[in-house]
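Note: the block below is run.tsv and it holds TSV, C-alpha atoms and all ligand atoms.
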chain	number	residue	atom	x	y	z
W	1	MET	CA	124.25	249.91	358.18
W	2	THR	CA	125.26	250.94	354.69
W	3	PRO	CA	123.62	253.86	352.88
W	4	GLU	CA	121.61	252.90	349.83
W	5	SER	CA	122.18	254.94	346.69
W	6	PRO	CA	119.41	257.55	346.20
W	7	GLU	CA	118.19	255.70	343.03
W	8	SER	CA	117.68	252.39	344.83
W	9	GLN	CA	116.09	253.70	348.01
W	10	PRO	CA	112.34	254.40	348.32
W	11	SER	CA	111.38	257.98	347.51
W	12	TRP	CA	110.24	258.82	351.06
W	13	LEU	CA	113.80	258.09	352.27
W	14	ASN	CA	115.10	260.77	349.89
W	15	LEU	CA	113.27	263.27	352.07
W	16	VAL	CA	115.57	262.28	354.96
W	17	ASN	CA	118.75	263.61	353.33
W	18	ILE	CA	122.03	265.21	354.36
W	19	ASP	CA	120.38	268.66	354.39
W	20	SER	CA	118.17	267.59	357.26
W	21	VAL	CA	121.21	266.78	359.45
W	22	TYR	CA	123.50	269.56	358.26
W	23	SER	CA	121.90	272.56	359.93
W	24	ALA	CA	124.62	273.02	362.62
W	25	GLU	CA	127.23	273.49	359.88
W	26	LYS	CA	125.08	276.10	358.13
W	27	GLN	CA	124.59	277.91	361.45
W	28	ARG	CA	128.34	277.93	362.09
W	29	ARG	CA	129.09	279.47	358.69
W	30	ALA	CA	126.27	282.01	359.01
W	31	PHE	CA	127.46	282.99	362.51
W	32	THR	CA	131.07	283.50	361.33
W	33	PHE	CA	129.76	285.51	358.36
W	34	PHE	CA	127.70	287.85	360.54
W	35	THR	CA	130.47	288.27	363.12
W	36	MET	CA	132.85	289.21	360.30
W	37	ILE	CA	130.38	291.70	358.81
W	38	PHE	CA	129.65	293.21	362.24
W	39	ILE	CA	133.34	293.71	363.05
W	40	ALA	CA	134.08	295.07	359.55
W	41	VAL	CA	131.19	297.55	359.68
W	42	VAL	CA	132.05	298.74	363.21
W	43	LEU	CA	135.74	299.08	362.34
W	44	ILE	CA	135.24	300.87	359.03
W	45	THR	CA	132.56	303.21	360.38
W	46	THR	CA	134.78	304.13	363.35
W	47	LEU	CA	137.80	304.72	361.09
W	48	VAL	CA	135.81	306.90	358.68
W	49	THR	CA	134.21	308.91	361.50
W	50	VAL	CA	137.47	309.49	363.43
W	51	ASN	CA	139.68	310.15	360.40
W	52	TYR	CA	137.18	311.91	358.16
W	53	SER	CA	139.29	315.07	357.90
W	54	VAL	CA	142.58	313.18	357.42
W	55	TYR	CA	141.54	310.56	354.82
W	56	ALA	CA	141.65	311.24	351.10
W	57	LYS	CA	138.18	311.64	349.61
W	58	LEU	CA	138.68	308.55	347.43
W	59	LEU	CA	139.55	306.43	350.48
W	60	THR	CA	136.48	307.69	352.38
W	61	ILE	CA	134.21	306.89	349.41
W	62	MET	CA	135.76	303.42	349.08
W	63	LEU	CA	135.24	302.67	352.79
W	64	VAL	CA	131.65	303.93	352.80
W	65	LEU	CA	130.87	301.86	349.69
W	66	SER	CA	132.37	298.77	351.39
W	67	ASP	CA	130.21	299.40	354.45
W	68	LEU	CA	127.12	299.62	352.26
W	69	THR	CA	128.05	296.45	350.36
W	70	PHE	CA	128.45	294.51	353.64
W	71	PHE	CA	125.10	295.76	354.86
W	72	ILE	CA	123.31	294.84	351.60
W	73	CYS	CA	124.99	291.38	351.61
W	74	ALA	CA	123.80	290.75	355.19
W	75	VAL	CA	120.22	291.72	354.28
W	76	TYR	CA	120.34	289.61	351.10
W	77	PHE	CA	121.54	286.59	353.09
W	78	LEU	CA	118.81	287.06	355.70
W	79	ARG	CA	116.16	287.15	352.95
W	80	THR	CA	117.40	284.33	350.71
W	81	GLY	CA	119.53	282.13	352.99
W	82	ARG	CA	122.17	281.95	350.20
W	83	LEU	CA	125.54	282.31	351.86
W	84	THR	CA	128.28	281.33	349.40
W	85	GLY	CA	127.69	284.12	346.85
W	86	VAL	CA	127.48	286.93	349.41
W	87	ALA	CA	130.41	285.54	351.43
W	88	ILE	CA	132.58	285.56	348.27
W	89	LEU	CA	131.55	289.17	347.58
W	90	VAL	CA	132.22	290.32	351.17
W	91	LEU	CA	135.61	288.57	351.36
W	92	SER	CA	136.60	289.97	347.95
W	93	VAL	CA	135.82	293.50	349.17
W	94	ILE	CA	137.81	292.83	352.35
W	95	CYS	CA	140.66	291.47	350.22
W	96	VAL	CA	140.70	294.70	348.18
W	97	LEU	CA	140.66	296.77	351.41
W	98	CYS	CA	143.57	294.73	352.81
W	99	LEU	CA	145.55	295.26	349.60
W	100	ALA	CA	144.84	298.99	349.68
W	101	LEU	CA	146.09	299.02	353.27
W	102	VAL	CA	149.27	297.15	352.34
W	103	TYR	CA	149.79	299.52	349.41
W	104	THR	CA	149.50	302.61	351.59
W	105	GLY	CA	151.16	301.09	354.66
W	106	GLY	CA	148.48	302.14	357.15
W	107	LYS	CA	149.38	303.85	360.41
W	108	GLU	CA	153.16	303.77	360.95
W	109	ASN	CA	153.47	301.01	358.32
W	110	THR	CA	151.61	298.46	360.44
W	111	ALA	CA	149.26	297.34	357.64
W	112	LEU	CA	150.63	293.82	357.39
W	113	TYR	CA	149.33	292.85	360.88
W	114	TRP	CA	145.76	293.34	359.69
W	115	LEU	CA	146.04	290.54	357.15
W	116	MET	CA	146.50	287.74	359.68
W	117	PHE	CA	142.79	287.25	360.34
W	118	TYR	CA	142.03	286.65	356.63
W	119	PRO	CA	142.92	282.91	356.30
W	120	VAL	CA	140.88	281.91	359.38
W	121	VAL	CA	137.76	283.87	358.36
W	122	SER	CA	138.00	282.80	354.70
W	123	PHE	CA	138.19	279.10	355.47
W	124	SER	CA	135.40	279.19	358.02
W	125	THR	CA	132.95	281.10	355.81
W	126	LEU	CA	133.92	279.95	352.30
W	127	GLY	CA	134.95	276.36	352.98
W	128	LEU	CA	138.12	274.63	351.86
W	129	ARG	CA	138.32	275.20	348.10
W	130	VAL	CA	136.99	278.75	347.72
W	131	GLY	CA	138.75	279.72	350.96
W	132	PHE	CA	142.04	278.42	349.55
W	133	LEU	CA	141.55	280.48	346.39
W	134	ALA	CA	140.73	283.64	348.35
W	135	VAL	CA	143.73	283.34	350.72
W	136	SER	CA	146.15	282.39	347.91
W	137	SER	CA	145.02	285.44	345.91
W	138	LEU	CA	145.59	287.77	348.86
W	139	LEU	CA	149.01	286.24	349.56
W	140	ALA	CA	150.09	286.41	345.92
W	141	LEU	CA	149.01	290.06	345.47
W	142	THR	CA	150.57	291.09	348.80
W	143	CYS	CA	153.86	289.42	347.80
W	144	LEU	CA	153.69	291.36	344.53
W	145	PHE	CA	153.53	294.61	346.54
W	146	LEU	CA	156.26	293.48	348.94
W	147	TYR	CA	158.74	291.95	346.54
W	148	GLY	CA	157.61	293.23	343.12
W	149	PRO	CA	158.44	296.39	341.19
W	150	ASP	CA	157.87	299.85	342.64
W	151	ILE	CA	154.41	301.00	341.56
W	152	GLY	CA	154.08	303.68	344.18
W	153	GLN	CA	153.48	301.39	347.17
W	154	VAL	CA	155.01	301.90	350.61
W	155	MET	CA	158.34	300.14	351.14
W	156	TYR	CA	158.64	297.75	354.08
W	157	GLY	CA	161.88	296.66	355.72
W	158	ASN	CA	163.42	293.32	354.67
W	159	ALA	CA	163.05	291.64	358.06
W	160	GLU	CA	159.44	292.80	358.25
W	161	LYS	CA	158.63	291.41	354.79
W	162	VAL	CA	160.20	288.02	355.45
W	163	ARG	CA	158.60	287.67	358.91
W	164	PHE	CA	155.20	288.65	357.59
W	165	THR	CA	155.42	286.18	354.67
W	166	ALA	CA	156.56	283.33	356.92
W	167	SER	CA	153.93	283.93	359.60
W	168	PHE	CA	151.12	284.45	357.05
W	169	ILE	CA	152.04	281.15	355.35
W	170	LEU	CA	151.98	279.42	358.76
W	171	VAL	CA	148.52	280.82	359.60
W	172	PHE	CA	147.36	279.85	356.08
W	173	LEU	CA	148.68	276.31	356.50
W	174	PHE	CA	147.19	275.72	359.94
W	175	ALA	CA	143.85	277.29	359.01
W	176	PHE	CA	143.76	274.97	355.98
W	177	ILE	CA	144.63	271.86	358.03
W	178	GLY	CA	142.09	272.81	360.72
W	179	GLU	CA	139.33	273.36	358.18
W	180	TYR	CA	140.18	270.17	356.27
W	181	PHE	CA	139.89	267.91	359.34
W	182	ARG	CA	136.94	269.81	360.84
W	183	ASN	CA	135.07	269.41	357.56
W	184	LYS	CA	136.03	265.73	357.26
W	185	SER	CA	134.89	264.85	360.78
W	186	HIS	CA	131.74	266.92	360.37
W	187	LEU	CA	130.82	265.07	357.16
W	188	GLU	CA	131.42	261.73	358.87
W	189	ILE	CA	129.22	262.73	361.84
W	190	ALA	CA	126.52	263.96	359.43
W	191	ARG	CA	126.69	260.67	357.47
W	192	ILE	CA	126.31	258.59	360.63
W	193	THR	CA	123.49	260.81	361.92
W	194	LEU	CA	121.73	260.50	358.57
W	195	LEU	CA	121.96	256.69	358.64
W	196	GLN	CA	120.66	256.58	362.21
W	197	LYS	CA	117.81	258.91	361.32
W	198	GLN	CA	116.85	256.89	358.25
W	199	ASP	CA	117.02	253.73	360.35
W	200	ALA	CA	114.79	255.25	363.04
W	201	TYR	CA	112.18	256.14	360.41
W	202	THR	CA	112.13	252.72	358.70
W	203	ASP	CA	109.83	249.85	359.60
W	204	GLN	CA	112.22	246.92	360.05
W	205	LEU	CA	109.87	244.21	358.73
W	206	THR	CA	108.59	245.82	355.53
W	207	GLY	CA	111.13	248.57	354.78
W	208	LEU	CA	108.31	251.10	354.52
W	209	ALA	CA	108.33	254.36	356.48
W	210	ASN	CA	107.03	254.11	360.04
W	211	ARG	CA	104.68	256.30	362.05
W	212	ARG	CA	107.54	258.32	363.57
W	213	PHE	CA	108.60	259.39	360.07
W	214	ILE	CA	105.21	261.02	359.56
W	215	SER	CA	105.10	262.94	362.83
W	216	SER	CA	108.78	263.86	363.19
W	217	HIS	CA	109.84	264.42	359.60
W	218	PHE	CA	107.10	264.44	356.99
W	219	LEU	CA	104.69	266.89	358.64
W	220	PRO	CA	107.31	269.60	359.39
W	221	PHE	CA	108.75	269.11	355.88
W	222	ALA	CA	105.34	269.26	354.17
W	223	LYS	CA	104.52	272.40	356.17
W	224	LEU	CA	107.62	274.11	354.76
W	225	ASN	CA	106.99	272.78	351.23
W	226	SER	CA	103.20	272.81	351.19
W	227	GLU	CA	103.01	273.68	347.46
W	228	GLN	CA	104.61	270.28	346.68
W	229	TYR	CA	102.07	268.30	348.70
W	230	LEU	CA	98.79	270.05	349.37
W	231	PRO	CA	96.08	269.07	348.95
W	232	PHE	CA	96.85	265.42	349.70
W	233	THR	CA	94.73	262.45	350.60
W	234	VAL	CA	95.40	260.08	353.47
W	235	LEU	CA	94.47	256.42	353.00
W	236	LEU	CA	94.27	254.28	356.12
W	237	ILE	CA	94.46	250.65	355.03
W	238	ASP	CA	93.82	247.67	357.29
W	239	LEU	CA	94.22	244.02	356.27
W	240	ASP	CA	90.98	242.12	356.81
W	241	LEU	CA	90.77	239.29	359.33
W	242	PHE	CA	94.53	239.17	359.58
W	243	LYS	CA	94.33	237.33	362.86
W	244	ASN	CA	92.98	234.32	360.92
W	245	ILE	CA	96.12	234.24	358.78
W	246	ASN	CA	98.34	234.14	361.86
W	247	ASP	CA	96.10	231.56	363.52
W	248	ASN	CA	95.80	229.31	360.44
W	249	PHE	CA	99.30	229.55	358.99
W	250	GLY	CA	101.52	230.82	361.80
W	251	HIS	CA	103.22	234.10	362.61
W	252	ASP	CA	106.00	233.70	360.01
W	253	PHE	CA	103.42	233.41	357.25
W	254	GLY	CA	101.69	236.47	358.72
W	255	ASP	CA	105.00	238.38	358.50
W	256	GLN	CA	105.46	237.21	354.92
W	257	ALA	CA	101.93	238.42	354.07
W	258	LEU	CA	102.76	241.88	355.49
W	259	ILE	CA	105.95	242.01	353.37
W	260	GLU	CA	104.03	240.93	350.24
W	261	PHE	CA	101.34	243.51	350.92
W	262	SER	CA	104.02	246.22	351.26
W	263	ARG	CA	105.41	245.15	347.88
W	264	MET	CA	101.93	245.57	346.39
W	265	LEU	CA	101.84	249.11	347.77
W	266	GLU	CA	105.27	249.84	346.27
W	267	THR	CA	104.48	248.38	342.86
W	268	GLN	CA	100.87	249.52	342.40
W	269	LEU	CA	101.07	253.09	343.69
W	270	ARG	CA	103.16	255.98	342.38
W	271	SER	CA	106.72	256.19	343.69
W	272	SER	CA	105.98	259.71	344.99
W	273	ASP	CA	103.17	258.35	347.22
W	274	ILE	CA	104.36	257.90	350.79
W	275	LYS	CA	103.71	254.41	352.12
W	276	VAL	CA	103.82	253.88	355.85
W	277	ARG	CA	103.37	250.89	358.11
W	278	TYR	CA	101.22	252.65	360.68
W	279	GLY	CA	100.70	249.81	363.14
W	280	GLY	CA	100.62	245.98	363.14
W	281	GLU	CA	98.50	245.26	360.04
W	282	GLU	CA	97.49	248.86	359.44
W	283	PHE	CA	99.11	250.99	356.72
W	284	MET	CA	98.91	254.64	355.74
W	285	VAL	CA	99.43	256.03	352.25
W	286	ILE	CA	99.77	259.73	351.54
W	287	LEU	CA	98.88	260.68	347.97
W	288	PRO	CA	100.47	264.11	347.36
W	289	LYS	CA	98.56	266.65	345.25
W	290	THR	CA	95.54	264.36	345.06
W	291	VAL	CA	91.98	265.33	345.90
W	292	ILE	CA	89.60	262.87	347.51
W	293	THR	CA	87.66	261.89	344.33
W	294	ASP	CA	90.86	260.91	342.50
W	295	ALA	CA	92.25	259.22	345.60
W	296	TYR	CA	89.07	257.16	345.95
W	297	ALA	CA	89.57	255.76	342.44
W	298	VAL	CA	93.23	254.92	343.21
W	299	ALA	CA	92.27	253.25	346.50
W	300	ASP	CA	89.48	251.19	344.98
W	301	LYS	CA	91.68	249.98	342.12
W	302	PHE	CA	94.34	248.99	344.66
W	303	ARG	CA	91.77	247.19	346.84
W	304	GLU	CA	90.63	245.15	343.82
W	305	TYR	CA	94.23	244.34	342.91
W	306	VAL	CA	95.04	243.08	346.43
W	307	ALA	CA	91.96	240.83	346.52
W	308	ALA	CA	93.01	239.21	343.22
W	309	GLN	CA	96.53	238.29	344.44
W	310	VAL	CA	97.65	235.00	345.95
W	311	ILE	CA	100.32	235.09	348.64
W	312	VAL	CA	102.46	231.97	348.49
W	313	PHE	CA	104.47	231.00	351.57
W	314	ASN	CA	105.60	227.57	350.32
W	315	GLU	CA	104.22	224.95	347.95
W	316	HIS	CA	101.61	223.84	350.48
W	317	GLN	CA	100.66	227.17	352.00
W	318	SER	CA	99.11	230.06	350.13
W	319	THR	CA	96.25	232.46	350.72
W	320	SER	CA	94.78	235.69	349.51
W	321	VAL	CA	94.08	238.81	351.59
W	322	THR	CA	91.67	241.68	351.27
W	323	CYS	CA	91.91	245.14	352.75
W	324	SER	CA	89.55	247.85	353.95
W	325	ILE	CA	90.39	251.49	353.30
W	326	GLY	CA	89.31	254.82	354.82
W	327	ALA	CA	90.20	257.93	352.80
W	328	ALA	CA	90.15	261.62	353.77
W	329	GLN	CA	91.63	264.77	352.27
W	330	VAL	CA	94.09	267.16	353.94
W	331	SER	CA	94.01	270.76	352.72
W	332	HIS	CA	96.02	272.30	355.60
W	333	ILE	CA	98.83	270.52	357.44
W	334	GLU	CA	97.38	271.76	360.77
W	335	THR	CA	94.31	269.56	360.21
W	336	PHE	CA	96.35	266.39	359.58
W	337	ASN	CA	95.55	264.69	362.90
W	338	GLN	CA	91.84	265.45	362.58
W	339	THR	CA	91.89	264.06	359.02
W	340	VAL	CA	93.58	260.86	360.17
W	341	LYS	CA	90.83	260.45	362.79
W	342	LEU	CA	88.26	260.92	360.04
W	343	ALA	CA	89.98	258.38	357.80
W	344	ASP	CA	90.00	255.99	360.78
W	345	GLU	CA	86.24	256.42	361.16
W	346	TYR	CA	85.78	255.71	357.44
W	347	LEU	CA	87.98	252.64	357.79
W	348	TYR	CA	85.74	251.44	360.60
W	349	GLN	CA	82.73	252.05	358.32
W	350	ALA	CA	84.40	249.99	355.58
W	351	LYS	CA	84.84	247.10	358.04
W	352	ARG	CA	81.21	247.38	359.10
W	353	LEU	CA	80.10	247.28	355.46
W	354	GLY	CA	81.55	243.78	355.25
W	355	ARG	CA	85.33	244.54	354.68
W	356	ASN	CA	87.13	244.66	351.29
W	357	ASN	CA	85.70	248.16	350.85
W	358	VAL	CA	86.80	251.79	350.46
W	359	VAL	CA	84.98	254.54	352.32
W	360	SER	CA	85.68	258.24	351.88
W	361	SER	CA	83.63	261.34	352.76
W	362	GLU	CA	81.59	260.91	349.54
W	363	GLN	CA	80.88	257.23	350.13
W	364	GLN	CA	79.82	257.88	353.68
W	365	GLN	CA	77.45	260.58	352.52
W	366	ALA	CA	75.96	258.19	349.93
W	367	ASN	CA	75.60	255.46	352.59
W	368	ASN	CA	73.85	257.89	354.95
W	369	GLU	CA	71.39	258.87	352.20
W	370	GLN	CA	70.50	255.24	351.43
W	401	LIG	N1	102.48	238.11	361.77
W	401	LIG	C1	102.26	239.32	362.25
W	401	LIG	N2	101.06	239.62	362.76
W	401	LIG	C2	100.82	240.81	363.24
W	401	LIG	C3	101.81	241.82	363.24
W	401	LIG	N3	101.29	242.94	363.78
W	401	LIG	C4	100.00	242.67	364.12
W	401	LIG	N4	99.70	241.39	363.79
W	401	LIG	C5	98.46	240.64	364.00
W	401	LIG	O1	97.40	241.22	363.28
W	401	LIG	C6	96.20	240.77	363.91
W	401	LIG	C7	95.18	241.88	363.91
W	401	LIG	O2	93.99	241.36	364.38
W	401	LIG	P1	92.71	242.19	364.67
W	401	LIG	O3	93.09	243.55	365.19
W	401	LIG	O4	91.82	241.34	365.53
W	401	LIG	O5	92.09	242.44	363.30
W	401	LIG	P2	91.78	241.48	362.08
W	401	LIG	O6	91.91	240.03	362.46
W	401	LIG	O7	92.65	241.93	360.96
W	401	LIG	O8	90.29	241.79	361.81
W	401	LIG	P3	89.67	243.10	361.17
W	401	LIG	O9	90.68	244.21	361.30
W	401	LIG	O10	88.44	243.37	361.96
W	401	LIG	O11	89.37	242.78	359.75
W	401	LIG	C8	96.56	240.32	365.32
W	401	LIG	O12	96.45	238.91	365.39
W	401	LIG	C9	98.03	240.72	365.45
W	401	LIG	O13	98.74	239.79	366.23
W	401	LIG	C10	103.10	241.48	362.72
W	401	LIG	O14	104.05	242.29	362.68
W	401	LIG	N5	103.27	240.23	362.23
Would you mind writing the file's structure down as structure tokens?
Amino acid sequence: MTPESPESQPSWLNLVNIDSVYSAEKQRRAFTFFTMIFIAVVLITTLVTVNYSVYAKLLTIMLVLSDLTFFICAVYFLRTGRLTGVAILVLSVICVLCLALVYTGGKENTALYWLMFYPVVSFSTLGLRVGFLAVSSLLALTCLFLYGPDIGQVMYGNAEKVRFTASFILVFLFAFIGEYFRNKSHLEIARITLLQKQDAYTDQLTGLANRRFISSHFLPFAKLNSEQYLPFTVLLIDLDLFKNINDNFGHDFGDQALIEFSRMLETQLRSSDIKVRYGGEEFMVILPKTVITDAYAVADKFREYVAAQVIVFNEHQSTSVTCSIGAAQVSHIETFNQTVKLADEYLYQAKRLGRNNVVSSEQQQANNEQ
């Protein structure tokens, strides 16, 4: 199995993309983000409440503002689902708080201990590159306070400074290595899962989508993105007297005819239309954003085209096929199954009318009136 490039693969396969197999990774990042915000808010609120009378006013204002920022970021993420921007903002605020702590020394000059969590949280919420930038910035600015000129910061002992720097660099290094390999193996698993999923949704003979694609992937996707699809029309297409082709020319010729017919679907209909091999010699086409009257015209033109083609198996064996089509419109995803049943009834009508026919709700009405 090798993945086709998005340009060369049929458009329905683009709907089965890395996003559809990447949800566990998003959940992991979101969970780390919320845990970090929860701990930060609890910690800061407790500190401000307990030390309200001791802290300088400026420090209290800064901590309360940070608390508010975290809260707003969490709400924004819940509403929009956009994590990277808010995670950068939250970790920048935390970085500033850490630097302020290092500058002032914290309780009994223990500020440096509080920085050790930063590499782990940064890599797991921001990913490798942005995480690296965030941790490097914190390390560089902290080193400036520790080893740089006196700008009013607290002075730490030499042994303390060296031990902190060495242990922070070690945590940084191992957090980086851990994130790098976790990310690499996760991408590989996602790639394999994607290939397996695409394979499971592909009809092996024709390369079209199969029935499972519709029920397991397309319907949930169309429900979430209904403005891209609704209303759409379902065409159920059945090759006429296909048994005769198998009986007269053999099963291999029959297979070849199915492949040729699939090619006709691909070449004659829009690339955004979803073509599905629904059963043996039965196909389904979904025409997005197409009402039944327009879809009827498309289906009838396609029916005429198919009837005019000759399928050549070898220099002695060739035939032509016709198809019957039932068409029905879907206006709400919930009614999809009912609509398919309706299209199936229309298909049956088309067969009864002598095959090589298209029947939709309008045609059936006209037939009933005759
Ligand atoms: N070669 C080949 N034949 C298939 C495949 N799937 C289904 N068929 C054949 O398609 C034929 C369908 O026959 P019927 O259901 O009797 O329908 P029909 O002959 O097309 O007649 P109408 O549908 O009434 O027009 C059967 O002979 C199946 O064996 C396939 O993958 N390859």
ask   = Within 10 Å of segment 182-195 of chain W, counting only C-alpha atoms, which residues qualify if same-chain residues fewer than 3 places away don't, as number ranges by chain?
value = W: 1-4, 16-25, 124, 127-128, 176-179, 198-201
request  = Identify which of the residues W:Gly326, W:Gly354, W:Pro231, W:Gly280 lies closest to ligand LIG 401 (chain W), counting only C-alpha atoms and all ligand atoms when measuring atom-to-atom distances.
outcome  =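 The shortest atom-to-atom distance to ligand LIG 401 (chain W) comes from W:Gly280.
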key: Selection as an NGL selection string: residues within 9 Å of ligand LIG 401 (chain W) by all atoms listed in the file   = :W and (205 or 238-247 or 250-258 or 279-282 or 322-324 or 348 or 351-352 or 355-356)
Local residues around (111.4, 259.2, 365.2), at most 8 Å away, using all atoms listed in the file, as a PyMOL selection string = chain W and resi 197+200-201+211-213+215-217
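Nearest to Leu78 of chain W of all the residues W:Pro288, W:Val102, W:Asp203, W:Phe33 is W:Phe33, counting only C-alpha atoms.
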request  = Could you give me, as a PyMOL selection string, the residues within 12 Å of Lys341 of chain W, counting all atoms listed in the file and dropping anything in the same chain fewer than 3 positions from it?
outcome  = chain W and resi 234-236+326-330+335-338+344-348
